[in-house]
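Please read the structure below before turning to the comments.
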Amino acid sequence: QVRLVESGGGLVRAGGSVRLSCAVSGLTFTNYAMGWFRQIRGKEREFVAAINWSGGTTYYAPSVKAGSPGRLTISRDNAKNTVHLQMNSLRPEDTAVYYCVAHTNFRQLFDVDYRSKLDHWGQGTQVTVSS
């Protein structure tokens, strides 16, 4: 059984940081690219960041990454089957449920045409940024 379990969400003040983690089991982790999505209340789910199987290639949604340098960093630990999303300089508009996703094709993670075809999703973790 494939499981993606997110953690690390919570309440944080604007300007603060949060590190989300996703523990993956039930699949061969290095066969999958990993991504993070978020869903702001009342809006469609949107792509945030993706990392390929080795960790050597990453891609970020320009609209989410915009702002301070180093605002978003996605990383993975293939020895521990985990993926992380470090978010800095948080803004109230970053308030959302953040989802971890595993998919075999890296580029399809940020191709909106494949959104409904992504392989595995986690249950999500809430991040709330107070002003």
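Residues in the structure tokens are numbered from 1 in each chain, the chains being A, B, ... in the order shown, and ligands are numbered from 1 in the order shown.
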
Can you pull out every residue from chain A that DSSP, working from the backbone, puts in strand (DSSP E), and format the result as a PDB file with C-alpha atoms, in the first residue's frame?
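Wrote it out as selection38.pdb, contents follow:
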```pdb
ATOM      1  CA  ARG A   3       1.443   5.984   1.657  1.00  0.00           C
ATOM      2  CA  LEU A   4       2.525   9.615   1.572  1.00  0.00           C
ATOM      3  CA  VAL A   5       2.308  11.270   4.960  1.00  0.00           C
ATOM      4  CA  GLU A   6       2.925  14.991   5.279  1.00  0.00           C
ATOM      5  CA  SER A   7       3.986  16.702   8.483  1.00  0.00           C
ATOM      6  CA  GLY A  10       0.972  24.600  11.636  1.00  0.00           C
ATOM      7  CA  LEU A  11       0.499  28.226  12.529  1.00  0.00           C
ATOM      8  CA  VAL A  12       3.335  30.605  11.734  1.00  0.00           C
ATOM      9  CA  ARG A  13       3.660  34.377  11.685  1.00  0.00           C
ATOM     10  CA  VAL A  18       8.208  26.294   7.973  1.00  0.00           C
ATOM     11  CA  ARG A  19       9.692  23.001   6.852  1.00  0.00           C
ATOM     12  CA  LEU A  20       7.266  20.461   5.534  1.00  0.00           C
ATOM     13  CA  SER A  21       8.161  16.799   5.309  1.00  0.00           C
ATOM     14  CA  CYS A  22       6.615  13.898   3.461  1.00  0.00           C
ATOM     15  CA  ALA A  23       7.372  10.309   4.396  1.00  0.00           C
ATOM     16  CA  VAL A  24       6.808   7.865   1.569  1.00  0.00           C
ATOM     17  CA  SER A  25       6.304   4.108   1.782  1.00  0.00           C
ATOM     18  CA  ALA A  33       9.826  12.395  -8.943  1.00  0.00           C
ATOM     19  CA  MET A  34       8.250  14.227  -6.041  1.00  0.00           C
ATOM     20  CA  GLY A  35       6.259  17.389  -5.849  1.00  0.00           C
ATOM     21  CA  TRP A  36       4.414  19.728  -3.553  1.00  0.00           C
ATOM     22  CA  PHE A  37       1.064  21.272  -4.326  1.00  0.00           C
ATOM     23  CA  ARG A  38      -1.162  23.510  -2.285  1.00  0.00           C
ATOM     24  CA  GLN A  39      -4.810  24.374  -2.141  1.00  0.00           C
ATOM     25  CA  GLU A  46      -1.834  24.597  -7.556  1.00  0.00           C
ATOM     26  CA  PHE A  47       1.670  23.375  -8.170  1.00  0.00           C
ATOM     27  CA  VAL A  48       4.416  24.615  -5.831  1.00  0.00           C
ATOM     28  CA  ALA A  49       7.648  22.691  -6.424  1.00  0.00           C
ATOM     29  CA  ALA A  50       9.054  19.499  -7.908  1.00  0.00           C
ATOM     30  CA  ILE A  51      12.255  17.485  -7.650  1.00  0.00           C
ATOM     31  CA  THR A  58      14.184  21.076  -9.267  1.00  0.00           C
ATOM     32  CA  TYR A  59      11.447  23.338 -10.542  1.00  0.00           C
ATOM     33  CA  TYR A  60       9.358  25.934  -8.753  1.00  0.00           C
ATOM     34  CA  LEU A  72      11.337  27.985  -1.388  1.00  0.00           C
ATOM     35  CA  THR A  73      13.582  24.948  -1.382  1.00  0.00           C
ATOM     36  CA  ILE A  74      12.527  21.412  -2.202  1.00  0.00           C
ATOM     37  CA  SER A  75      14.847  18.567  -1.266  1.00  0.00           C
ATOM     38  CA  ARG A  76      14.755  14.820  -0.875  1.00  0.00           C
ATOM     39  CA  ASP A  77      16.550  12.153   1.105  1.00  0.00           C
ATOM     40  CA  THR A  82      11.403  11.571   2.437  1.00  0.00           C
ATOM     41  CA  VAL A  83      10.917  14.851   0.645  1.00  0.00           C
ATOM     42  CA  HIS A  84      10.952  18.294   2.218  1.00  0.00           C
ATOM     43  CA  LEU A  85       9.739  21.756   1.397  1.00  0.00           C
ATOM     44  CA  GLN A  86      11.428  24.630   3.181  1.00  0.00           C
ATOM     45  CA  MET A  87       9.437  27.837   2.964  1.00  0.00           C
ATOM     46  CA  ALA A  96      -3.167  26.596   2.378  1.00  0.00           C
ATOM     47  CA  VAL A  97      -3.252  22.855   2.670  1.00  0.00           C
ATOM     48  CA  TYR A  98       0.016  21.509   1.267  1.00  0.00           C
ATOM     49  CA  TYR A  99       0.078  18.138  -0.466  1.00  0.00           C
ATOM     50  CA  CYS A 100       2.929  15.822  -1.304  1.00  0.00           C
ATOM     51  CA  VAL A 101       2.788  13.995  -4.646  1.00  0.00           C
ATOM     52  CA  ALA A 102       4.740  11.126  -6.175  1.00  0.00           C
ATOM     53  CA  HIS A 103       4.779  10.705  -9.933  1.00  0.00           C
ATOM     54  CA  HIS A 120       0.008   9.259  -5.613  1.00  0.00           C
ATOM     55  CA  TRP A 121      -1.129  12.024  -3.279  1.00  0.00           C
ATOM     56  CA  THR A 125      -0.945  19.353   5.972  1.00  0.00           C
ATOM     57  CA  GLN A 126      -2.360  22.754   6.872  1.00  0.00           C
ATOM     58  CA  VAL A 127      -0.095  25.788   6.938  1.00  0.00           C
ATOM     59  CA  THR A 128      -1.619  28.959   8.338  1.00  0.00           C
ATOM     60  CA  VAL A 129       0.293  32.220   8.163  1.00  0.00           C
ATOM     61  CA  SER A 130      -0.927  34.984  10.438  1.00  0.00           C
TER      62      SER A 130
END
```

Going by DSSP on the backbone, which residues of chain A come out as helix (DSSP H, G or I)? List them as a PDB file with C-alpha atoms, in the first residue's frame.
```
ATOM      1  CA  PHE A  29      11.162   5.939  -3.964  1.00  0.00           C
ATOM      2  CA  THR A  30      13.896   6.512  -6.527  1.00  0.00           C
ATOM      3  CA  ASN A  31      11.500   5.574  -9.333  1.00  0.00           C
ATOM      4  CA  PRO A  62       7.299  31.256 -10.373  1.00  0.00           C
ATOM      5  CA  SER A  63       4.308  32.854  -8.702  1.00  0.00           C
ATOM      6  CA  VAL A  64       4.918  30.978  -5.451  1.00  0.00           C
ATOM      7  CA  LYS A  65       8.683  31.353  -5.405  1.00  0.00           C
ATOM      8  CA  PRO A  92      -0.612  35.278   4.695  1.00  0.00           C
ATOM      9  CA  GLU A  93      -1.429  34.294   1.115  1.00  0.00           C
ATOM     10  CA  ASP A  94       0.666  31.165   1.598  1.00  0.00           C
ATOM     11  CA  ARG A 107       7.903  17.259 -16.043  1.00  0.00           C
ATOM     12  CA  GLN A 108       4.334  16.044 -15.794  1.00  0.00           C
ATOM     13  CA  LEU A 109       4.291  17.184 -12.170  1.00  0.00           C
ATOM     14  CA  PHE A 110       4.087  20.798 -13.300  1.00  0.00           C
ATOM     15  CA  VAL A 112      -1.497  21.206 -15.748  1.00  0.00           C
ATOM     16  CA  ASP A 113      -2.748  18.697 -18.340  1.00  0.00           C
ATOM     17  CA  TYR A 114      -1.546  15.854 -16.125  1.00  0.00           C
ATOM     18  CA  ARG A 115      -2.900  17.195 -12.858  1.00  0.00           C
ATOM     19  CA  SER A 116      -5.635  14.570 -12.584  1.00  0.00           C
ATOM     20  CA  LYS A 117      -3.270  11.778 -13.659  1.00  0.00           C
TER      21      LYS A 117
END
```

Separation of CA of Tyr32 in chain A from CA of Arg45 in chain A, in Å and rounded to one decimal: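 Result for CA of Tyr32 in chain A versus CA of Arg45 in chain A: 20.6 Å, one decimal.
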
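Our summary of the geometry notes that CA of Thr57 in chain A is positioned 18.7 Å from CA of Leu118 in chain A.
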
The residue from A:Ser89, A:Asn78, A:Thr95, A:Ser54 with the smallest atom-to-atom distance to Ser17 in chain A, counting only C-alpha atoms, is A:Ser89
